[in-house]
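To start, the structure under review is shown below, and the notes come after it.
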Amino acid sequence: DGGHWERFPSNLPVVPIHDVVVKGVELVVATHGRSFWILDDLTPLHQLQDAVAAGGSYLFRPRPTVRMRVYGRAPSEVAPGHVHYTKADTSTVAYLPVHEPDGSLRFEQLEAGANPPQGVVIQYYVERAPRTGVSLTVLDDSGNELRRFTGEDGVPVEPGMNRFVWNMRLPGAPKVVGEDLEPWHRPDGPLVLPGTYRVRLEIDGRAREQAFAIEPDPRVRTSREDLAAQFDFLGQVLGALTTVNRTINRLDALLAQARSWQQRAAEHGAAAVGEAAGELERELLAIRPRLIDVNMRQSQLWPSGLHEKLNALFDSVDSADYAPPRQAREVYAALTGQLDELTRRLDRAAGERAAALNAAIAAAGIPVVGLPA
């Protein structure tokens, strides 16, 4: 009843406060002279109990999270120590990029309040550093794994309170690894639908789980059926993009071998091997620009490939909460038709032309692994 007090550590300045209100699970205080301040999440305080300190680690139940889209982002290239500018609604505000000790980049708002983290805030207590690492797994209400994060993904596991934010998205597409390319990386897939989910924390072989809710944006009137149609369609686009990216990586691996064998054929004086490797290279180079823009680093514009077009289609349909329009489905059908044609063409090249190269190598008697002649 107020007989014992402990100062709550935060960035709240020492200032008179005469008005306090709790809105949901947020604490709002009105100061005299320093604007108003919000403590975003009271749920860890609500859930404090003896079990938190007794079990070595404790996973707090995440607060209900609104499935809300936030538009705009900080620039990809920033200079720490220099003031930058961005948009906050219709206003232009200043922020300062700050490098944290762990290597991450934090954006300190100079003229605006900082928004809460965008996504499901997962908070957990760790008594001591684990021996074997940590993992966080997000599951649907039926127990199916949706996404898994480890220390390599930035999951913190320091003694005391820890926090990790899941952006409510499924995994994205694999990366294109070609060093001469400027690929469009997509680490995240579509937003999950509103509903009940679970999070599992595993530390040193011991697992804890908590359920949490993702709630619909109260400003959006789109039906759940339309949101489900968007989710399913984005999954199809992501699947096609995954096929494109894997096809590019597969093609590049074959292209590197064709070029290597041209060099080895010249060293061994095996003209037939060099000709077969050259035919394979020419066919692969004819397919490659249709899959991805291979001239991105040049000053002039070149046609986009399926990689860029499918990424753009994903972003277009993912730009707001609505059912996919007919035009998007027509574009998807056209692009996947082209993808089927190119994958068949690559299969033929990997089969017929690569087989001819292998036969030429065998006839020339060049060892598959060996030094120049």
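To be explicit about the labels: the chains of the structure tokens are called A, B, and onward in the order shown, and within each one the residues are counted from 1, while ligands get numbers from 1 in the order they are shown.
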
Write out as a Markdown table the residues of segment 155-227 of chain A that have any atom within 7 Å of an atom of segment 114-124 of chain A, one row each with the nearest atom pair and its distance in Å to one decimal, counting only C-alpha atoms, sorted by chain and then rising number.
| residue | atom | partner | partner_atom | distance |
| --- | --- | --- | --- | --- |
| A:Met161 | CA | A:Tyr124 | CA | 5.8 |
| A:Asn162 | CA | A:Tyr124 | CA | 5.4 |
| A:Arg163 | CA | A:Gln123 | CA | 4.4 |
| A:Phe164 | CA | A:Ile122 | CA | 5.2 |
| A:Val165 | CA | A:Val121 | CA | 4.6 |
| A:Trp166 | CA | A:Val120 | CA | 5.1 |
| A:Asn167 | CA | A:Gly119 | CA | 4.3 |
| A:Met168 | CA | A:Gly119 | CA | 5.9 |

- Message: Taking 2 positions as the minimum chain separation for residues in the same chain, which residues sit within 9 Å of Ala173 of chain A when counting only C-alpha atoms? Answer as a list of chain:residue names.
- Response: A:Pro171, A:Lys175, A:His185, A:Arg186, A:Pro187, A:Asp188, A:Gly189, A:Leu238, A:Gly239, A:Leu241, A:Thr242, A:Thr243, A:Asn245

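Of note, atom CA of Leu170 of chain A and atom CA of Val70 of chain A are spaced 17.2 Å apart.
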
- Nearest to Gly160 of chain A among A:Tyr125, A:Phe212, A:Phe36, A:Phe107, with distances taken over only C-alpha atoms: which residue is it?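 The shortest atom-to-atom distance to Gly160 of chain A comes from A:Tyr125.
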
- Write out as an MDAnalysis selection string each polymer residue whose atoms come within 12 Å of segment 93-100 of chain A, counting only C-alpha atoms; drop sequence neighbours fewer than 5 positions from it. chainID A and resid 74:88 105:114

- Task: Please report, as a PyMOL selection string, each residue of segment 155-309 of chain A to which DSSP assigns alpha helix (DSSP H) when run on this structure's backbone.
- Result: chain A and resi 224-268+271-291+306-309

- Long-range neighbours of Asp318 of chain A as a list of chain:residue names, 8 Å cut-off, only C-alpha atoms, 6 positions minimum in chain: A:Pro190, A:Gln230, A:Leu234

Generate the output file for the selected residues, all heavy atoms, as a PDB file, in the first residue's frame.
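For reference, part36.pdb as written:
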ATOM      1  N   PRO A 190       4.733 -12.873 -46.107  1.00  0.00           N
ATOM      2  CA  PRO A 190       3.512 -12.117 -45.803  1.00  0.00           C
ATOM      3  C   PRO A 190       3.236 -12.020 -44.312  1.00  0.00           C
ATOM      4  O   PRO A 190       3.699 -12.830 -43.511  1.00  0.00           O
ATOM      5  CB  PRO A 190       2.420 -12.926 -46.518  1.00  0.00           C
ATOM      6  CG  PRO A 190       2.977 -14.309 -46.617  1.00  0.00           C
ATOM      7  CD  PRO A 190       4.453 -14.159 -46.775  1.00  0.00           C
ATOM      8  N   GLN A 230      -5.540 -12.505 -49.706  1.00  0.00           N
ATOM      9  CA  GLN A 230      -4.267 -11.801 -49.886  1.00  0.00           C
ATOM     10  C   GLN A 230      -3.114 -12.643 -49.351  1.00  0.00           C
ATOM     11  O   GLN A 230      -2.067 -12.771 -50.001  1.00  0.00           O
ATOM     12  CB  GLN A 230      -4.314 -10.461 -49.170  1.00  0.00           C
ATOM     13  CG  GLN A 230      -3.024  -9.658 -49.286  1.00  0.00           C
ATOM     14  CD  GLN A 230      -3.000  -8.456 -48.356  1.00  0.00           C
ATOM     15  OE1 GLN A 230      -3.416  -8.550 -47.192  1.00  0.00           O
ATOM     16  NE2 GLN A 230      -2.538  -7.326 -48.857  1.00  0.00           N
ATOM     17  N   LEU A 234      -0.072 -13.997 -51.680  1.00  0.00           N
ATOM     18  CA  LEU A 234       1.308 -13.613 -51.417  1.00  0.00           C
ATOM     19  C   LEU A 234       2.185 -14.847 -51.199  1.00  0.00           C
ATOM     20  O   LEU A 234       3.364 -14.855 -51.573  1.00  0.00           O
ATOM     21  CB  LEU A 234       1.380 -12.696 -50.198  1.00  0.00           C
ATOM     22  CG  LEU A 234       0.873 -11.269 -50.414  1.00  0.00           C
ATOM     23  CD1 LEU A 234       0.858 -10.503 -49.091  1.00  0.00           C
ATOM     24  CD2 LEU A 234       1.730 -10.532 -51.438  1.00  0.00           C
TER      25      LEU A 234
END

- Message: Going by DSSP on the backbone, which residues of segment 62-256 of chain A come out as strand (DSSP E or B)? List them as a PyMOL selection string.
- Response: chain A and resi 65-67+84-88+91-99+105-109+120-126+134-140+145-150+160-166+169-171+188-191+195-203+206-216

Output of the above residues as a tab-separated table (two decimals), in the first residue's frame, restricted to C-alpha atoms:
chain	number	residue	atom	x	y	z
A	65	THR	CA	-0.62	-6.98	-30.75
A	66	VAL	CA	-2.51	-5.09	-33.43
A	67	ARG	CA	-1.77	-6.23	-36.98
A	84	HIS	CA	19.17	12.94	-40.77
A	85	TYR	CA	15.55	13.69	-41.61
A	86	THR	CA	12.48	11.56	-42.19
A	87	LYS	CA	8.69	11.82	-42.25
A	88	ALA	CA	6.38	11.52	-39.26
A	91	SER	CA	5.83	16.48	-40.76
A	92	THR	CA	9.57	16.31	-41.35
A	93	VAL	CA	11.50	15.41	-38.20
A	94	ALA	CA	15.18	15.01	-37.37
A	95	TYR	CA	16.81	11.88	-36.02
A	96	LEU	CA	20.32	10.83	-35.10
A	97	PRO	CA	21.70	7.38	-36.04
A	98	VAL	CA	23.53	5.84	-33.08
A	99	HIS	CA	25.67	2.68	-33.18
A	105	LEU	CA	21.90	0.80	-35.34
A	106	ARG	CA	19.42	2.82	-33.28
A	107	PHE	CA	17.61	5.93	-34.53
A	108	GLU	CA	17.26	8.57	-31.83
A	109	GLN	CA	14.34	10.91	-32.55
A	120	VAL	CA	4.98	-8.80	-31.27
A	121	VAL	CA	7.24	-7.89	-28.34
A	122	ILE	CA	8.53	-11.10	-26.73
A	123	GLN	CA	10.04	-10.52	-23.29
A	124	TYR	CA	11.78	-13.07	-21.10
A	125	TYR	CA	13.95	-13.19	-18.00
A	126	VAL	CA	17.23	-15.13	-17.87
A	134	VAL	CA	18.74	-19.84	-27.09
A	135	SER	CA	15.93	-20.16	-29.63
A	136	LEU	CA	12.52	-18.56	-30.06
A	137	THR	CA	9.91	-20.41	-32.12
A	138	VAL	CA	6.59	-18.95	-33.24
A	139	LEU	CA	3.78	-21.46	-33.75
A	140	ASP	CA	0.19	-21.23	-34.90
A	145	GLU	CA	6.05	-24.00	-36.60
A	146	LEU	CA	5.88	-20.68	-38.45
A	147	ARG	CA	9.28	-19.19	-37.78
A	148	ARG	CA	12.33	-19.90	-35.65
A	149	PHE	CA	14.98	-17.46	-34.43
A	150	THR	CA	18.31	-18.14	-32.71
A	160	GLY	CA	18.25	-10.21	-16.69
A	161	MET	CA	15.37	-9.03	-18.88
A	162	ASN	CA	15.58	-9.59	-22.64
A	163	ARG	CA	13.35	-8.52	-25.50
A	164	PHE	CA	12.92	-9.73	-29.09
A	165	VAL	CA	10.45	-8.32	-31.61
A	166	TRP	CA	8.79	-10.57	-34.22
A	169	ARG	CA	5.80	-12.13	-40.93
A	170	LEU	CA	6.61	-15.59	-42.24
A	171	PRO	CA	10.06	-16.43	-43.66
A	188	ASP	CA	10.30	-11.73	-44.76
A	189	GLY	CA	7.15	-13.16	-46.28
A	190	PRO	CA	3.51	-12.12	-45.80
A	191	LEU	CA	1.95	-10.87	-42.59
A	195	GLY	CA	-5.65	-14.99	-34.51
A	196	THR	CA	-4.08	-16.85	-31.61
A	197	TYR	CA	-0.44	-17.91	-31.75
A	198	ARG	CA	2.17	-19.33	-29.43
A	199	VAL	CA	5.82	-18.58	-28.74
A	200	ARG	CA	8.30	-21.14	-27.40
A	201	LEU	CA	11.50	-20.16	-25.60
A	202	GLU	CA	14.20	-22.86	-25.41
A	203	ILE	CA	17.23	-22.34	-23.19
A	206	ARG	CA	14.29	-26.40	-21.30
A	207	ALA	CA	11.25	-25.03	-23.13
A	208	ARG	CA	8.58	-22.57	-22.02
A	209	GLU	CA	5.53	-21.53	-24.04
A	210	GLN	CA	3.04	-18.68	-23.95
A	211	ALA	CA	-0.01	-17.91	-26.05
A	212	PHE	CA	-0.68	-14.49	-27.49
A	213	ALA	CA	-3.14	-12.78	-29.80
A	214	ILE	CA	-2.70	-10.80	-33.00
A	215	GLU	CA	-5.69	-8.51	-33.39
A	216	PRO	CA	-7.05	-6.90	-36.57

- Message: Set the distance at 8 Å and use only C-alpha atoms: which residues neighbour Ala229 of chain A once local chain neighbours fewer than 4 positions away are removed? I'd like the list as a PyMOL selection string.
- Response: chain A and resi 225+233+323-324

With a distance cut-off of 10 Å and only C-alpha atoms, select the neighbouring residues of Pro159 of chain A, excluding the residue or stretch itself and same-chain residues fewer than 4 positions from it, and output the selection as a PDB file with all heavy atoms, in the first residue's frame.
ATOM      1  N   GLY A  56      15.037 -19.903 -13.091  1.00  0.00           N
ATOM      2  CA  GLY A  56      16.211 -19.716 -13.923  1.00  0.00           C
ATOM      3  C   GLY A  56      15.944 -18.906 -15.170  1.00  0.00           C
ATOM      4  O   GLY A  56      16.741 -18.092 -15.579  1.00  0.00           O
ATOM      5  N   SER A  57      14.797 -19.143 -15.801  1.00  0.00           N
ATOM      6  CA  SER A  57      14.363 -18.348 -16.946  1.00  0.00           C
ATOM      7  C   SER A  57      12.844 -18.295 -16.931  1.00  0.00           C
ATOM      8  O   SER A  57      12.179 -19.201 -16.410  1.00  0.00           O
ATOM      9  CB  SER A  57      14.867 -18.945 -18.267  1.00  0.00           C
ATOM     10  OG  SER A  57      14.289 -20.223 -18.489  1.00  0.00           O
ATOM     11  N   TYR A 125      12.928 -13.398 -19.035  1.00  0.00           N
ATOM     12  CA  TYR A 125      13.946 -13.190 -18.001  1.00  0.00           C
ATOM     13  C   TYR A 125      14.895 -14.379 -18.004  1.00  0.00           C
ATOM     14  O   TYR A 125      14.470 -15.536 -18.092  1.00  0.00           O
ATOM     15  CB  TYR A 125      13.285 -13.051 -16.629  1.00  0.00           C
ATOM     16  CG  TYR A 125      14.256 -13.087 -15.472  1.00  0.00           C
ATOM     17  CD1 TYR A 125      15.008 -11.961 -15.135  1.00  0.00           C
ATOM     18  CD2 TYR A 125      14.427 -14.244 -14.724  1.00  0.00           C
ATOM     19  CE1 TYR A 125      15.907 -11.994 -14.074  1.00  0.00           C
ATOM     20  CE2 TYR A 125      15.321 -14.295 -13.661  1.00  0.00           C
ATOM     21  CZ  TYR A 125      16.052 -13.165 -13.345  1.00  0.00           C
ATOM     22  OH  TYR A 125      16.938 -13.201 -12.300  1.00  0.00           O
ATOM     23  N   VAL A 126      16.190 -14.088 -17.927  1.00  0.00           N
ATOM     24  CA  VAL A 126      17.231 -15.126 -17.870  1.00  0.00           C
ATOM     25  C   VAL A 126      18.089 -14.857 -16.641  1.00  0.00           C
ATOM     26  O   VAL A 126      18.611 -13.754 -16.469  1.00  0.00           O
ATOM     27  CB  VAL A 126      18.099 -15.123 -19.146  1.00  0.00           C
ATOM     28  CG1 VAL A 126      19.200 -16.170 -19.039  1.00  0.00           C
ATOM     29  CG2 VAL A 126      17.238 -15.378 -20.376  1.00  0.00           C
ATOM     30  N   GLU A 127      18.213 -15.870 -15.786  1.00  0.00           N
ATOM     31  CA  GLU A 127      18.986 -15.694 -14.545  1.00  0.00           C
ATOM     32  C   GLU A 127      20.486 -15.621 -14.828  1.00  0.00           C
ATOM     33  O   GLU A 127      21.205 -14.807 -14.249  1.00  0.00           O
ATOM     34  CB  GLU A 127      18.689 -16.835 -13.582  1.00  0.00           C
ATOM     35  CG  GLU A 127      19.381 -16.667 -12.230  1.00  0.00           C
ATOM     36  CD  GLU A 127      19.030 -17.790 -11.271  1.00  0.00           C
ATOM     37  OE1 GLU A 127      18.441 -18.799 -11.706  1.00  0.00           O
ATOM     38  OE2 GLU A 127      19.363 -17.664 -10.073  1.00  0.00           O
ATOM     39  N   ARG A 128      20.958 -16.487 -15.742  1.00  0.00           N
ATOM     40  CA  ARG A 128      22.381 -16.506 -16.067  1.00  0.00           C
ATOM     41  C   ARG A 128      22.528 -16.846 -17.552  1.00  0.00           C
ATOM     42  O   ARG A 128      21.596 -17.354 -18.185  1.00  0.00           O
ATOM     43  CB  ARG A 128      23.120 -17.525 -15.213  1.00  0.00           C
ATOM     44  CG  ARG A 128      22.665 -18.954 -15.420  1.00  0.00           C
ATOM     45  CD  ARG A 128      23.421 -19.932 -14.532  1.00  0.00           C
ATOM     46  NE  ARG A 128      23.136 -19.687 -13.134  1.00  0.00           N
ATOM     47  CZ  ARG A 128      22.124 -20.252 -12.481  1.00  0.00           C
ATOM     48  NH1 ARG A 128      21.285 -21.066 -13.124  1.00  0.00           N
ATOM     49  NH2 ARG A 128      21.908 -20.002 -11.213  1.00  0.00           N
ATOM     50  N   ALA A 129      23.695 -16.559 -18.107  1.00  0.00           N
ATOM     51  CA  ALA A 129      23.949 -16.849 -19.518  1.00  0.00           C
ATOM     52  C   ALA A 129      23.838 -18.357 -19.767  1.00  0.00           C
ATOM     53  O   ALA A 129      24.362 -19.157 -18.986  1.00  0.00           O
ATOM     54  CB  ALA A 129      25.333 -16.348 -19.912  1.00  0.00           C
ATOM     55  N   PRO A 130      23.153 -18.785 -20.821  1.00  0.00           N
ATOM     56  CA  PRO A 130      22.953 -20.217 -21.064  1.00  0.00           C
ATOM     57  C   PRO A 130      24.236 -20.886 -21.543  1.00  0.00           C
ATOM     58  O   PRO A 130      25.153 -20.244 -22.060  1.00  0.00           O
ATOM     59  CB  PRO A 130      21.875 -20.240 -22.155  1.00  0.00           C
ATOM     60  CG  PRO A 130      22.066 -18.957 -22.886  1.00  0.00           C
ATOM     61  CD  PRO A 130      22.494 -17.953 -21.841  1.00  0.00           C
TER      62      PRO A 130
END

- Query: Quick one: residues within 10 Å of Val368 of chain A, only C-alpha atoms counted, chain neighbours fewer than 5 positions away excluded, as a PyMOL selection string?
  - Reply: chain A and resi 261+358+361-362

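Of the listed residues A:Ala359, A:Leu339, A:Ala328, A:Ala256, the one whose atoms come nearest to Ser316 of chain A is A:Ala328, with distances taken using only C-alpha atoms.
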
- Query: In Å, with one decimal, what is the gap from atom CA of Gln49 of chain A to atom CA of Val14 of chain A?
  - Reply: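 About the pair atom CA of Gln49 of chain A and atom CA of Val14 of chain A: they are 28.9 Å apart.
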
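One finds atom CA of Ala355 of chain A at 18.3 Å from atom CA of Ile287 of chain A.
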